[in-house]
$ cat target10.txt   # compact mmCIF, N, CA and C atoms
# COMPACT_ATOMS: atom_id res chain seq x y z
N MET E 293 0.83 -1.18 0.00
CA MET E 293 0.00 0.00 0.00
C MET E 293 0.88 1.24 0.00
N THR E 294 0.35 2.30 -0.55
CA THR E 294 1.08 3.56 -0.59
C THR E 294 0.25 4.64 0.07
N ILE E 295 0.84 5.81 0.18
CA ILE E 295 0.13 6.95 0.77
C ILE E 295 -1.14 7.26 -0.02
N LEU E 296 -1.14 7.02 -1.32
CA LEU E 296 -2.32 7.30 -2.13
C LEU E 296 -3.51 6.46 -1.73
N ASP E 297 -3.28 5.27 -1.19
CA ASP E 297 -4.36 4.41 -0.74
C ASP E 297 -5.10 5.01 0.45
N PHE E 298 -4.45 5.92 1.19
CA PHE E 298 -5.06 6.47 2.40
C PHE E 298 -5.52 7.90 2.25
N VAL E 299 -4.88 8.67 1.38
CA VAL E 299 -5.22 10.08 1.30
C VAL E 299 -5.84 10.48 -0.03
N GLY E 300 -5.85 9.59 -1.01
CA GLY E 300 -6.51 9.87 -2.28
C GLY E 300 -5.63 10.56 -3.30
N THR E 301 -4.81 11.48 -2.87
CA THR E 301 -3.87 12.16 -3.77
C THR E 301 -2.54 12.27 -3.05
N ALA E 302 -1.49 12.43 -3.81
CA ALA E 302 -0.16 12.57 -3.21
C ALA E 302 -0.09 13.90 -2.46
N PRO E 303 0.59 13.94 -1.33
CA PRO E 303 0.73 15.20 -0.62
C PRO E 303 1.55 16.18 -1.45
N THR E 304 1.32 17.46 -1.20
CA THR E 304 2.07 18.49 -1.89
C THR E 304 3.54 18.40 -1.50
N VAL E 305 4.41 18.47 -2.48
CA VAL E 305 5.84 18.41 -2.23
C VAL E 305 6.29 19.72 -1.58
N ARG E 306 7.18 19.61 -0.61
CA ARG E 306 7.72 20.78 0.08
C ARG E 306 9.20 20.93 -0.28
N PRO E 307 9.65 22.11 -0.65
CA PRO E 307 11.07 22.29 -0.95
C PRO E 307 11.93 21.95 0.27
N GLY E 308 12.98 21.18 0.05
CA GLY E 308 13.92 20.86 1.11
C GLY E 308 13.49 19.75 2.05
N ILE E 309 12.32 19.13 1.80
CA ILE E 309 11.81 18.08 2.68
C ILE E 309 11.55 16.82 1.86
N ALA E 310 11.92 15.66 2.42
CA ALA E 310 11.65 14.38 1.78
C ALA E 310 10.81 13.53 2.73
N MET E 311 9.89 12.75 2.16
CA MET E 311 9.07 11.81 2.93
C MET E 311 9.45 10.40 2.52
N ILE E 312 9.75 9.57 3.51
CA ILE E 312 10.07 8.17 3.25
C ILE E 312 9.03 7.32 3.96
N GLN E 313 8.25 6.55 3.19
CA GLN E 313 7.24 5.70 3.80
C GLN E 313 7.91 4.47 4.39
N LEU E 314 7.74 4.27 5.70
CA LEU E 314 8.36 3.15 6.40
C LEU E 314 7.46 1.93 6.43
N HIS E 315 6.17 2.15 6.55
CA HIS E 315 5.17 1.10 6.42
C HIS E 315 3.83 1.78 6.15
N ASP E 316 2.74 1.03 6.17
CA ASP E 316 1.44 1.55 5.76
C ASP E 316 1.01 2.81 6.49
N ALA E 317 1.46 2.99 7.71
CA ALA E 317 0.94 4.10 8.52
C ALA E 317 2.03 4.96 9.14
N LEU E 318 3.24 4.95 8.56
CA LEU E 318 4.32 5.73 9.15
C LEU E 318 5.27 6.26 8.07
N TRP E 319 5.55 7.56 8.14
CA TRP E 319 6.45 8.21 7.21
C TRP E 319 7.53 8.95 8.01
N ARG E 320 8.76 8.84 7.54
CA ARG E 320 9.87 9.60 8.13
C ARG E 320 10.01 10.87 7.30
N ILE E 321 10.16 11.99 7.99
CA ILE E 321 10.34 13.28 7.34
C ILE E 321 11.80 13.70 7.53
N THR E 322 12.49 13.97 6.43
CA THR E 322 13.90 14.33 6.49
C THR E 322 14.17 15.58 5.66
N ARG E 323 15.33 16.19 5.95
CA ARG E 323 15.87 17.19 5.03
C ARG E 323 16.46 16.40 3.87
N LEU E 324 16.78 17.09 2.79
CA LEU E 324 17.33 16.41 1.63
C LEU E 324 18.70 15.81 1.90
N ASN E 325 19.41 16.32 2.93
CA ASN E 325 20.72 15.76 3.28
C ASN E 325 20.60 14.51 4.15
N GLY E 326 19.37 14.09 4.48
CA GLY E 326 19.15 12.89 5.27
C GLY E 326 18.87 13.12 6.74
N GLU E 327 19.04 14.35 7.22
CA GLU E 327 18.77 14.66 8.63
C GLU E 327 17.30 14.40 8.94
N VAL E 328 17.04 13.59 9.95
CA VAL E 328 15.66 13.26 10.32
C VAL E 328 15.05 14.43 11.10
N LEU E 329 13.89 14.90 10.62
CA LEU E 329 13.15 15.96 11.30
C LEU E 329 12.08 15.40 12.21
N GLY E 330 11.48 14.28 11.81
CA GLY E 330 10.43 13.68 12.61
C GLY E 330 9.66 12.63 11.83
N TYR E 331 8.45 12.37 12.29
CA TYR E 331 7.63 11.32 11.71
C TYR E 331 6.18 11.77 11.62
N ILE E 332 5.46 11.19 10.67
CA ILE E 332 4.01 11.36 10.58
C ILE E 332 3.42 9.96 10.65
N GLU E 333 2.46 9.81 11.55
CA GLU E 333 1.79 8.53 11.76
C GLU E 333 0.32 8.66 11.38
N ARG E 334 -0.19 7.70 10.62
CA ARG E 334 -1.62 7.69 10.27
C ARG E 334 -2.38 6.96 11.35
N LEU E 335 -3.44 7.57 11.83
CA LEU E 335 -4.29 6.98 12.86
C LEU E 335 -5.67 6.72 12.28
N ASN E 336 -6.23 5.55 12.56
CA ASN E 336 -7.59 5.24 12.14
C ASN E 336 -8.55 5.64 13.24
N GLU E 337 -9.51 6.49 12.90
CA GLU E 337 -10.52 6.93 13.86
C GLU E 337 -11.89 6.76 13.24
N PRO E 338 -12.94 6.72 14.05
CA PRO E 338 -14.28 6.55 13.49
C PRO E 338 -14.65 7.61 12.45
N ALA E 339 -14.15 8.83 12.61
CA ALA E 339 -14.47 9.92 11.68
C ALA E 339 -13.58 9.92 10.45
N GLY E 340 -12.56 9.06 10.41
CA GLY E 340 -11.66 8.99 9.27
C GLY E 340 -10.21 8.92 9.70
N HIS E 341 -9.32 9.10 8.75
CA HIS E 341 -7.89 9.05 9.05
C HIS E 341 -7.42 10.38 9.61
N ARG E 342 -6.59 10.31 10.64
CA ARG E 342 -5.91 11.48 11.19
C ARG E 342 -4.41 11.25 11.00
N PHE E 343 -3.66 12.32 11.02
CA PHE E 343 -2.21 12.24 10.83
C PHE E 343 -1.53 12.96 11.99
N ARG E 344 -0.73 12.22 12.74
CA ARG E 344 -0.03 12.76 13.91
C ARG E 344 1.41 13.09 13.52
N ALA E 345 1.78 14.35 13.73
CA ALA E 345 3.15 14.80 13.45
C ALA E 345 3.94 14.81 14.76
N LYS E 346 5.17 14.25 14.68
CA LYS E 346 6.06 14.22 15.85
C LYS E 346 7.44 14.69 15.42
N ARG E 347 7.96 15.71 16.08
CA ARG E 347 9.29 16.23 15.79
C ARG E 347 10.32 15.48 16.61
N LEU E 348 11.41 15.10 15.97
CA LEU E 348 12.51 14.43 16.66
C LEU E 348 13.39 15.48 17.34
N LEU E 349 13.66 15.29 18.63
CA LEU E 349 14.58 16.14 19.39
C LEU E 349 15.82 15.29 19.66
N PRO E 350 16.80 15.30 18.75
CA PRO E 350 17.92 14.36 18.84
C PRO E 350 18.77 14.52 20.10
N ARG E 351 18.97 15.73 20.55
CA ARG E 351 19.79 15.92 21.75
C ARG E 351 19.13 15.35 23.00
N GLN E 352 17.80 15.38 23.01
CA GLN E 352 17.06 14.84 24.14
C GLN E 352 16.66 13.39 23.92
N ARG E 353 16.90 12.89 22.71
CA ARG E 353 16.59 11.51 22.35
C ARG E 353 15.12 11.16 22.60
N ARG E 354 14.26 12.06 22.12
CA ARG E 354 12.82 11.83 22.27
C ARG E 354 12.07 12.55 21.16
N PHE E 355 10.76 12.32 21.13
CA PHE E 355 9.88 12.97 20.16
C PHE E 355 8.98 13.96 20.87
N LEU E 356 8.70 15.06 20.18
CA LEU E 356 7.78 16.07 20.67
C LEU E 356 6.54 16.01 19.79
N PRO E 357 5.39 15.59 20.35
CA PRO E 357 4.17 15.60 19.55
C PRO E 357 3.84 17.04 19.14
N ILE E 358 3.60 17.24 17.86
CA ILE E 358 3.25 18.57 17.36
C ILE E 358 1.74 18.72 17.29
N GLY E 359 1.06 17.68 16.81
CA GLY E 359 -0.39 17.76 16.72
C GLY E 359 -0.96 16.68 15.82
N ASP E 360 -2.29 16.59 15.84
CA ASP E 360 -3.03 15.67 14.99
C ASP E 360 -3.78 16.51 13.96
N PHE E 361 -3.80 16.01 12.71
CA PHE E 361 -4.38 16.77 11.61
C PHE E 361 -5.26 15.87 10.76
N TRP E 362 -6.24 16.46 10.10
CA TRP E 362 -7.14 15.69 9.24
C TRP E 362 -6.53 15.44 7.86
N THR E 363 -5.50 16.21 7.49
CA THR E 363 -4.85 15.96 6.20
C THR E 363 -3.35 15.78 6.40
N ILE E 364 -2.75 14.98 5.55
CA ILE E 364 -1.31 14.78 5.64
C ILE E 364 -0.57 16.05 5.24
N ASP E 365 -1.15 16.84 4.35
CA ASP E 365 -0.52 18.10 3.97
C ASP E 365 -0.36 19.03 5.17
N ASP E 366 -1.38 19.09 6.02
CA ASP E 366 -1.27 19.92 7.23
C ASP E 366 -0.19 19.39 8.16
N ALA E 367 -0.09 18.07 8.26
CA ALA E 367 0.94 17.48 9.12
C ALA E 367 2.34 17.77 8.58
N ILE E 368 2.51 17.70 7.26
CA ILE E 368 3.80 17.99 6.64
C ILE E 368 4.22 19.43 6.89
N ASP E 369 3.26 20.34 6.86
CA ASP E 369 3.56 21.76 7.06
C ASP E 369 4.24 22.03 8.39
N CYS E 370 4.06 21.17 9.37
CA CYS E 370 4.70 21.35 10.68
C CYS E 370 6.22 21.27 10.60
N PHE E 371 6.74 20.66 9.56
CA PHE E 371 8.17 20.45 9.43
C PHE E 371 8.87 21.51 8.58
N ARG E 372 8.10 22.48 8.11
CA ARG E 372 8.70 23.56 7.33
C ARG E 372 9.29 24.59 8.28
N PHE E 373 10.39 25.19 7.88
CA PHE E 373 11.03 26.21 8.73
C PHE E 373 10.85 27.55 8.08

$ encode --input "target10.txt" --output "structure tokens"
Amino acid sequence: MTILDFVGTAPTVRPGIAMIQLHDALWRITRLNGEVLGYIERLNEPAGHRFRAKRLLPRQRRFLPIGDFWTIDDAIDCFRF
């Protein structure tokens, strides 16, 4: 399965950001140089799919939840600087 199976259309591409699908419900968000920025997780809810964005805090070795969104495009926008 691909992201298109869950969102209907491909998310809008963001300059300087790459998405790597790790499995059906998890994407790694990186800079083009490979630096990991965080992850987006697809959640199944009764009202539909939600997308949870989590920023990686490498120095603290943990994730900071940014928020839950109804579209993957909104979740991706959290990683833009």

$ residues_around --input "target10.txt" --residues "Trp319 in chain E" --least-positions-apart "4" --cutoff "5 Å" --atoms "only N, CA and C atoms" --output "PyMOL selection string"
chain E and resi 312-314+331-332

$ closest_residue --input "target10.txt" --among "E:Leu329, E:Leu335, E:Gly340, E:Cys370" --to "Asp316 in chain E" --atoms "only C-alpha atoms"
E:Leu335

$ closest_residue --input "target10.txt" --among "E:Ala317, E:Ile309, E:Leu324, E:Leu356" --to "Asn336 in chain E" --atoms "only C-alpha atoms"
E:Ala317

$ atom_distance --input "target10.txt" --atom1 "atom N of Pro338 in chain E" --atom2 "CA of Ala310 in chain E"
28.5 Å

$ select_by_dssp --input "target10.txt" --residues "chain E" --states "alpha helix (DSSP H)" --output "ChimeraX atom specification"
/E:296-299,364-369

$ atom_distance --input "target10.txt" --atom1 "atom N of Val328 in chain E" --atom2 "atom N of Asp369 in chain E"
15.7 Å

$ atom_distance --input "target10.txt" --atom1 "atom C of Phe371 in chain E" --atom2 "atom C of Gly326 in chain E"
13.2 Å

$ residues_around --input "target10.txt" --residues "range 342-351 of chain E" --least-positions-apart "4" --cutoff "6 Å" --atoms "all atoms listed in the file" --output "PyMOL selection string"
chain E and resi 329-337+355-364+367

$ closest_residue --input "target10.txt" --among "E:Arg354, E:Arg320, E:His341, E:Arg372" --to "Pro307 in chain E" --atoms "only N, CA and C atoms"
E:Arg372
